[in-house]
Amino acid sequence: MRLLNANSGLMQDFISDDDIPEYAILSHTWETGQEVTFRQWEDRHISDISIKSGFVKIENFCAQAARDGFEWVWVDTCCIDKTSSAELSEAINAMFRWYQNATACYVHLADVSMPHSRAELAASRWFTRGWTLQELIAPKDVRFYSASWTFIDTKAKMYILISEITGIDQHILTGGDLETISVARRMSWVSTRKTTRIEDIAYCLLGIFDINLPLIYGEGRKAFQRLQEAIMLKTHDQSLFAWGQLVDQPSERITADQAFGLVPIEWKPPSTRQPLLGLLADGPELFRSSSEIEPFHEFSHELRRARPPVLVSGGVLLGLVTTKDKSWSAIHLDHPRLSAPVPTRLAILLCSSKGSSDRFLCIVLRKWGEGYAGRTPELLEIDLKFSRTRFSDMNVQWHVMKESALQLRNGDIFHRQQRIENTSVWSFANRNELDAITWGEFNILRPRSKIVSDESYLRWSLETTPGKGLAITLKRSPAEPGSMGSLVVEVGPIEFRQLTPDDATYLKQYFKMVPTAPPSTDPGLYHSHTMAAPCDSWSLKLDGYPGICIRVERKPLENGRDEAVDVVDFYMSSEESDHARAKRAIATRFE
C-alpha cells in the first residue's frame, strides 16, 4: 500500500500490512480532466497541476487530516500507479479492506454547500456513484465535509438519514455483518448507481461480496457475469437469481385453447417479445425491485450438495426445485414468420419476499436447443408449504443459458404441434437422408442434401395398447431438382414385443417394448395421403386405434429466395371428444 505524507506530500510504500501506520482515507467523486494521477503528483514540482481542482482537493484533505492528527493519508487518484495493470488490480481487490482498515474516512461532497437542506444532501452525486458504496460501508469512522471543507457530521450520527437515502440497512451502517444481508438486497443497493467504466459496476462490488477477481478492462458486461459466477460458487443464497420484474403471470402466457391450436397465437415482432435469458442478470439494475428478498436457508445446503452449480458452455448447470405442472407460452419465429405453443416450468427459488415465508419466488424456464433452458426476466410468487421430502423429489437438473434463435432452413420439416396422449413412442429417422434435430420441445427434420428422395422419412411407432399400435411415416414425394416435394403421410398397424437380453443396451435405457413386423400384409389396413401445398389437413380413425389428425402448411422463409419449410401439426387421441377437438384445431389453423 502506498501512502501520502499529509505534511510533506511525499509518497512511501508499505509492503507488509503489519508495517502500515494509522492513516486517513479520502472518498470523493471524480471530475473529468481535473484529477491528479500518481505520475503527475510525483512531478508536481516541475509541472503546473496546481490549477486542477483535484490538486486543491488533495491539499485540503491533507490539511484537514493533519489538523486531526494524521501523518499519513491515502487518495485513490494519486496513490495508485494506474499505468501498472498489476498494481491497479491489486489495489481494486484490496480497496474494501483498505477503507475498512482506515482510522477515518473523509467524504468530500463537492456539490453540497453550507448551510444545506436535507434534500440537497440527499441529492449529492456522491450517493449515486458505484465506488462510494463500499467507501460508505467499509470504514467505521466516516466524516462528511461540504464543498468548502466545512464539517457536516459523521456516519455514526447520520446513519438513519443515510439509510433512507441509500436503502442500506441501518445495522450495516453501524458496523453489522454484510453476510447477514441477502445477495439480492446487496445488489439492490447498487442498482441505481453508476460508474464511468462499465466493468467497474462489478469491480466496485468485490468487497461487498468478499470476492476477488482479475481485472479485464474491455470485457464490458462480462465483468458483472464473472462477479455473479464467483458469488454463485461461494454461497448457497439463491436470491442471486431473484432479479427482474415481479408479475402476476408470465407475459408470454397463452390459453389452453391457443396451446391446443383452437385459437391462433398472434405473432409478435422481436421488439415486443420477452427474451429468453441466462440464469444470471446482465446488470445490477435488474435487482432494483429485489431489496425485500430474503433467502430460505433450511433446504439450500441439501439442494446444493445434491446438484451443485457448475459453469458449463456459457451457462449454468444446477439443480432447481421445479414444479411438475406445465403451463404454456408462445415462441415466435421470424423466418418464416410463425408462432408456436411451448410448455414452460416454474423453478422455485429458495427465497421469498420479506414476511412471506410460505410464498416462494419462482422463475419461468423454457427449453430451447438440445438440452438447454432459458429464463424470462420475470419473477412470480407461489404459495407453497415447505416439505423437505417434496422439495427433494422436485429437484431437477437444468442447463440454463441465454437462448440462441432457432434458424430454420430450406426444406426443414418443423413439428409445431405434436400431441400424443397415453402412449409409448418409438421414433426413427432415415439418417442417410435426414438429420433429426431436437430444439427444446420441438422436432425438426432437416434434409442433408438439396435432392430429397422418397427415402427421406421419419417414422413414429406408437404403442397405443399393450402389444400393438400404429406406425406413422412422414416422407417427401420425389420432386424435380431445385423444388421441394410434397409431404406424404402413411399410417398402418404394427405390433410390439418385449425387449430381450440380446437387444442393444441403449434401447433398454428408454423402452420396455420395441416395434416388430406389421400383423398383416393386407393392403386395406394401410392408408396414405399426399398433403397438398400450400396447406392441407387430414384426419383418420381406424377401428380399435386412436384417431389421428395432421395438418401441413408450407411457409416461405421470407429471405428473398424461393425457399420454404413445412410446418406440421400432429394430434393423436383415443377419446372421441379429443379427436373431434383436434379435427377442429387443424381446421381452425387451415382457415
# chains A, B, ... in the order shown; residues from 1 in each chain; ligands from 1
call {"tool": "residues_around", "arguments": {"residues": "range 144-149 of chain A", "least_positions_apart": "5", "cutoff": "9 Å", "atoms": "only C-alpha atoms", "output": "ChimeraX atom specification"}}
result
/A:60-61,64,105-114,154-155
call {"tool": "write_last_selection", "arguments": {"atoms": "C-alpha atoms", "output": "mmCIF file, in the first residue's frame"}}
result
data_model
loop_
_atom_site.group_PDB
_atom_site.id
_atom_site.type_symbol
_atom_site.label_atom_id
_atom_site.label_comp_id
_atom_site.auth_asym_id
_atom_site.auth_seq_id
_atom_site.Cartn_x
_atom_site.Cartn_y
_atom_site.Cartn_z
ATOM 1 C CA ASN A 60 -7.365 20.498 1.542
ATOM 2 C CA PHE A 61 -7.773 16.845 2.540
ATOM 3 C CA GLN A 64 -7.697 18.667 7.413
ATOM 4 C CA CYS A 105 -12.662 8.207 6.083
ATOM 5 C CA TYR A 106 -13.173 11.792 4.904
ATOM 6 C CA VAL A 107 -16.083 12.203 2.483
ATOM 7 C CA HIS A 108 -15.887 15.329 0.328
ATOM 8 C CA LEU A 109 -19.299 16.295 -1.051
ATOM 9 C CA ALA A 110 -18.291 18.643 -3.877
ATOM 10 C CA ASP A 111 -21.884 19.650 -4.644
ATOM 11 C CA VAL A 112 -23.101 20.317 -1.086
ATOM 12 C CA SER A 113 -22.676 23.782 0.428
ATOM 13 C CA MET A 114 -23.172 25.115 3.940
ATOM 14 C CA THR A 154 -20.456 11.657 10.929
ATOM 15 C CA LYS A 155 -21.957 8.431 9.644
#
call {"tool": "residues_around", "arguments": {"residues": "Met232 in chain A", "least_positions_apart": "2", "cutoff": "12 Å", "atoms": "only C-alpha atoms", "output": "VMD selection string"}}
result
chain A and resid 183 to 184 209 211 225 to 230 234 to 241 279 to 280 304 308 to 311 316 to 318
call {"tool": "atom_distance", "arguments": {"atom1": "CA of His116 in chain A", "atom2": "CA of Ile152 in chain A"}}
result
9.6 Å
call {"tool": "closest_residue", "arguments": {"among": "A:Leu487, A:Leu246, A:Val342, A:Ile437", "to": "Gln407 in chain A", "atoms": "only C-alpha atoms"}}
result
A:Ile437
call {"tool": "atom_distance", "arguments": {"atom1": "CA of Arg554 in chain A", "atom2": "CA of Val567 in chain A"}}
result
6.2 Å
call {"tool": "residues_around", "arguments": {"residues": "range 489-504 of chain A", "least_positions_apart": "4", "cutoff": "9 Å", "atoms": "only C-alpha atoms", "output": "number ranges by chain"}}
result
A: 461-463, 466-476, 508, 511-520, 525-531, 540, 545, 550
call {"tool": "residues_around", "arguments": {"residues": "Ser16 in chain A", "least_positions_apart": "4", "cutoff": "12 Å", "atoms": "only C-alpha atoms", "output": "short mmCIF file (atom, residue, chain, number, x, y, z; two decimals) with N, CA and C atoms, in the first residue's frame"}}
result
data_model
loop_
_atom_site.label_atom_id
_atom_site.label_comp_id
_atom_site.auth_asym_id
_atom_site.auth_seq_id
_atom_site.Cartn_x
_atom_site.Cartn_y
_atom_site.Cartn_z
N MET A 1 0.86 -1.19 0.00
CA MET A 1 0.00 0.00 0.00
C MET A 1 0.89 1.24 0.00
N ARG A 2 0.56 2.19 -0.85
CA ARG A 2 1.35 3.42 -0.94
C ARG A 2 0.57 4.55 -0.25
N ILE A 20 1.96 -0.98 8.15
CA ILE A 20 1.16 0.18 7.74
C ILE A 20 0.75 0.98 8.98
N PRO A 21 1.05 2.26 9.02
CA PRO A 21 0.66 3.10 10.17
C PRO A 21 -0.81 3.48 10.09
#
call {"tool": "select_by_dssp", "arguments": {"residues": "range 258-320 of chain A", "states": "helix (DSSP H, G or I)", "output": "ChimeraX atom specification"}}
result
/A:258-260,270-272,284-287,300-306
call {"tool": "write_last_selection", "arguments": {"atoms": "C-alpha atoms", "output": "PDB file, in the first residue's frame"}}
result
ATOM      1  CA  GLN A 258     -54.238 -21.463 -28.015  1.00  0.00           C
ATOM      2  CA  ALA A 259     -51.883 -24.208 -26.837  1.00  0.00           C
ATOM      3  CA  PHE A 260     -54.096 -26.851 -28.456  1.00  0.00           C
ATOM      4  CA  PRO A 270     -38.919  -9.032 -31.866  1.00  0.00           C
ATOM      5  CA  SER A 271     -39.149  -5.680 -30.072  1.00  0.00           C
ATOM      6  CA  THR A 272     -42.271  -6.759 -28.138  1.00  0.00           C
ATOM      7  CA  PRO A 284     -27.308  -4.731 -11.238  1.00  0.00           C
ATOM      8  CA  GLU A 285     -30.142  -2.504 -12.435  1.00  0.00           C
ATOM      9  CA  LEU A 286     -32.233  -5.672 -12.756  1.00  0.00           C
ATOM     10  CA  PHE A 287     -32.121  -6.031  -8.941  1.00  0.00           C
ATOM     11  CA  SER A 300     -30.462 -24.753   0.445  1.00  0.00           C
ATOM     12  CA  HIS A 301     -27.449 -26.730   1.714  1.00  0.00           C
ATOM     13  CA  GLU A 302     -29.035 -30.068   0.754  1.00  0.00           C
ATOM     14  CA  LEU A 303     -30.035 -28.797  -2.682  1.00  0.00           C
ATOM     15  CA  ARG A 304     -26.529 -27.525  -3.346  1.00  0.00           C
ATOM     16  CA  ARG A 305     -24.919 -30.777  -2.212  1.00  0.00           C
ATOM     17  CA  ALA A 306     -27.254 -32.844  -4.412  1.00  0.00           C
TER      18      ALA A 306
END
call {"tool": "atom_distance", "arguments": {"atom1": "CA of Leu161 in chain A", "atom2": "CA of Ser124 in chain A"}}
result
13.2 Å
call {"tool": "residues_around", "arguments": {"residues": "Asp536 in chain A", "least_positions_apart": "6", "cutoff": "10 Å", "atoms": "only C-alpha atoms", "output": "NGL selection string"}}
result
:A and (530 or 550-554 or 586-587 or 589-590)
call {"tool": "residues_around", "arguments": {"residues": "range 395-397 of chain A", "least_positions_apart": "4", "cutoff": "7 Å", "atoms": "only C-alpha atoms", "output": "number ranges by chain"}}
result
A: 317-322, 391
call {"tool": "residues_around", "arguments": {"residues": "Gln417 in chain A", "least_positions_apart": "4", "cutoff": "7 Å", "atoms": "only C-alpha atoms", "output": "list in words"}}
result
Val568, Asp569 and Phe570 of chain A
call {"tool": "write_last_selection", "arguments": {"atoms": "all heavy atoms", "output": "PDB file, in the first residue's frame"}}
result
ATOM      1  N   VAL A 568     -45.717 -28.764 -39.439  1.00  0.00           N
ATOM      2  CA  VAL A 568     -46.598 -29.910 -39.218  1.00  0.00           C
ATOM      3  C   VAL A 568     -47.241 -29.812 -37.841  1.00  0.00           C
ATOM      4  O   VAL A 568     -46.561 -29.579 -36.839  1.00  0.00           O
ATOM      5  CB  VAL A 568     -45.813 -31.230 -39.324  1.00  0.00           C
ATOM      6  CG1 VAL A 568     -46.721 -32.416 -39.031  1.00  0.00           C
ATOM      7  CG2 VAL A 568     -45.190 -31.369 -40.707  1.00  0.00           C
ATOM      8  N   ASP A 569     -48.558 -29.987 -37.804  1.00  0.00           N
ATOM      9  CA  ASP A 569     -49.305 -30.145 -36.560  1.00  0.00           C
ATOM     10  C   ASP A 569     -49.856 -31.566 -36.528  1.00  0.00           C
ATOM     11  O   ASP A 569     -50.534 -31.992 -37.469  1.00  0.00           O
ATOM     12  CB  ASP A 569     -50.460 -29.140 -36.472  1.00  0.00           C
ATOM     13  CG  ASP A 569     -49.972 -27.699 -36.525  1.00  0.00           C
ATOM     14  OD1 ASP A 569     -48.936 -27.414 -35.906  1.00  0.00           O
ATOM     15  OD2 ASP A 569     -50.626 -26.876 -37.188  1.00  0.00           O
ATOM     16  N   PHE A 570     -49.572 -32.295 -35.450  1.00  0.00           N
ATOM     17  CA  PHE A 570     -49.929 -33.713 -35.381  1.00  0.00           C
ATOM     18  C   PHE A 570     -50.594 -33.999 -34.034  1.00  0.00           C
ATOM     19  O   PHE A 570     -50.049 -33.693 -32.975  1.00  0.00           O
ATOM     20  CB  PHE A 570     -48.656 -34.561 -35.539  1.00  0.00           C
ATOM     21  CG  PHE A 570     -48.861 -36.027 -35.345  1.00  0.00           C
ATOM     22  CD1 PHE A 570     -49.954 -36.680 -35.893  1.00  0.00           C
ATOM     23  CD2 PHE A 570     -47.953 -36.779 -34.605  1.00  0.00           C
ATOM     24  CE1 PHE A 570     -50.138 -38.034 -35.711  1.00  0.00           C
ATOM     25  CE2 PHE A 570     -48.126 -38.140 -34.423  1.00  0.00           C
ATOM     26  CZ  PHE A 570     -49.231 -38.767 -34.987  1.00  0.00           C
TER      27      PHE A 570
END
call {"tool": "select_by_dssp", "arguments": {"residues": "range 152-327 of chain A", "states": "strand (DSSP E)", "output": "ChimeraX atom specification"}}
result
/A:152-154,245-246,293-295,310-312,315-322,327
call {"tool": "closest_residue", "arguments": {"among": "A:Ala564, A:Ile198, A:Ile137, A:Leu213", "to": "Pro336 in chain A", "atoms": "only C-alpha atoms"}}
result
A:Ala564
call {"tool": "closest_residue", "arguments": {"among": "A:Gly167, A:Pro377, A:Gly130, A:Gly283", "to": "Val247 in chain A", "atoms": "only C-alpha atoms"}}
result
A:Pro377
call {"tool": "decode", "arguments": {"residues": "range 342-355 of chain A", "atoms": "all heavy atoms", "output": "compact mmCIF listing (two decimals), in the first residue's frame"}}
result
# COMPACT_ATOMS: atom_id res chain seq x y z
N VAL A 342 -45.44 -23.59 -26.54
CA VAL A 342 -44.33 -24.30 -25.93
C VAL A 342 -44.58 -24.36 -24.42
O VAL A 342 -45.00 -23.38 -23.81
CB VAL A 342 -42.99 -23.61 -26.25
CG1 VAL A 342 -42.97 -22.19 -25.74
CG2 VAL A 342 -41.83 -24.38 -25.68
N PRO A 343 -44.37 -25.54 -23.81
CA PRO A 343 -44.58 -25.63 -22.36
C PRO A 343 -43.48 -24.94 -21.57
O PRO A 343 -42.33 -24.88 -22.00
CB PRO A 343 -44.58 -27.15 -22.10
CG PRO A 343 -43.79 -27.73 -23.23
CD PRO A 343 -44.03 -26.83 -24.41
N THR A 344 -43.85 -24.38 -20.44
CA THR A 344 -42.90 -23.75 -19.54
C THR A 344 -43.02 -24.38 -18.15
O THR A 344 -44.05 -24.98 -17.82
CB THR A 344 -43.13 -22.24 -19.43
OG1 THR A 344 -44.47 -22.00 -18.98
CG2 THR A 344 -42.93 -21.55 -20.76
N ARG A 345 -41.98 -24.25 -17.36
CA ARG A 345 -41.98 -24.78 -16.00
C ARG A 345 -41.58 -23.67 -15.04
O ARG A 345 -40.85 -22.74 -15.39
CB ARG A 345 -40.98 -25.94 -15.88
CG ARG A 345 -41.24 -27.09 -16.83
CD ARG A 345 -42.34 -27.99 -16.37
NE ARG A 345 -41.99 -28.73 -15.18
CZ ARG A 345 -41.28 -29.86 -15.18
NH1 ARG A 345 -40.86 -30.37 -16.34
NH2 ARG A 345 -41.01 -30.49 -14.05
N LEU A 346 -42.04 -23.78 -13.81
CA LEU A 346 -41.66 -22.85 -12.76
C LEU A 346 -40.57 -23.47 -11.89
O LEU A 346 -40.75 -24.57 -11.35
CB LEU A 346 -42.86 -22.48 -11.89
CG LEU A 346 -43.95 -21.61 -12.51
CD1 LEU A 346 -45.04 -21.34 -11.48
CD2 LEU A 346 -43.38 -20.31 -13.04
N ALA A 347 -39.44 -22.78 -11.77
CA ALA A 347 -38.38 -23.20 -10.87
C ALA A 347 -38.49 -22.36 -9.60
O ALA A 347 -38.47 -21.12 -9.65
CB ALA A 347 -37.02 -23.02 -11.51
N ILE A 348 -38.64 -23.02 -8.47
CA ILE A 348 -38.84 -22.35 -7.20
C ILE A 348 -37.48 -21.98 -6.61
O ILE A 348 -36.63 -22.85 -6.39
CB ILE A 348 -39.61 -23.25 -6.22
CG1 ILE A 348 -40.98 -23.61 -6.81
CG2 ILE A 348 -39.77 -22.59 -4.87
CD1 ILE A 348 -41.69 -24.72 -6.06
N LEU A 349 -37.28 -20.69 -6.37
CA LEU A 349 -36.06 -20.24 -5.72
C LEU A 349 -36.24 -20.31 -4.21
O LEU A 349 -37.32 -20.04 -3.69
CB LEU A 349 -35.73 -18.80 -6.14
CG LEU A 349 -35.55 -18.55 -7.64
CD1 LEU A 349 -35.24 -17.08 -7.89
CD2 LEU A 349 -34.46 -19.44 -8.21
N LEU A 350 -35.18 -20.68 -3.53
CA LEU A 350 -35.25 -20.81 -2.07
C LEU A 350 -35.07 -19.43 -1.44
O LEU A 350 -34.11 -19.14 -0.74
CB LEU A 350 -34.19 -21.79 -1.58
CG LEU A 350 -34.35 -23.21 -2.13
CD1 LEU A 350 -33.25 -24.11 -1.59
CD2 LEU A 350 -35.72 -23.78 -1.78
N CYS A 351 -36.05 -18.57 -1.73
CA CYS A 351 -36.08 -17.23 -1.16
C CYS A 351 -37.50 -16.69 -1.30
O CYS A 351 -38.32 -17.22 -2.07
CB CYS A 351 -35.07 -16.30 -1.84
SG CYS A 351 -35.25 -16.19 -3.63
N SER A 352 -37.80 -15.66 -0.56
CA SER A 352 -39.15 -15.08 -0.57
C SER A 352 -39.06 -13.60 -0.25
O SER A 352 -38.03 -13.10 0.21
CB SER A 352 -40.05 -15.79 0.45
OG SER A 352 -39.50 -15.64 1.76
N SER A 353 -40.16 -12.91 -0.51
CA SER A 353 -40.24 -11.51 -0.11
C SER A 353 -40.34 -11.45 1.42
O SER A 353 -40.87 -12.36 2.05
CB SER A 353 -41.46 -10.85 -0.74
OG SER A 353 -41.36 -10.85 -2.14
N LYS A 354 -39.82 -10.38 1.99
CA LYS A 354 -39.77 -10.25 3.44
C LYS A 354 -41.16 -10.42 4.05
O LYS A 354 -42.13 -9.81 3.60
CB LYS A 354 -39.20 -8.88 3.82
CG LYS A 354 -38.96 -8.68 5.31
CD LYS A 354 -38.34 -7.33 5.59
CE LYS A 354 -36.92 -7.23 5.06
NZ LYS A 354 -36.27 -5.96 5.46
N GLY A 355 -41.26 -11.31 5.04
CA GLY A 355 -42.52 -11.54 5.73
C GLY A 355 -43.43 -12.52 5.05
O GLY A 355 -44.57 -12.71 5.48
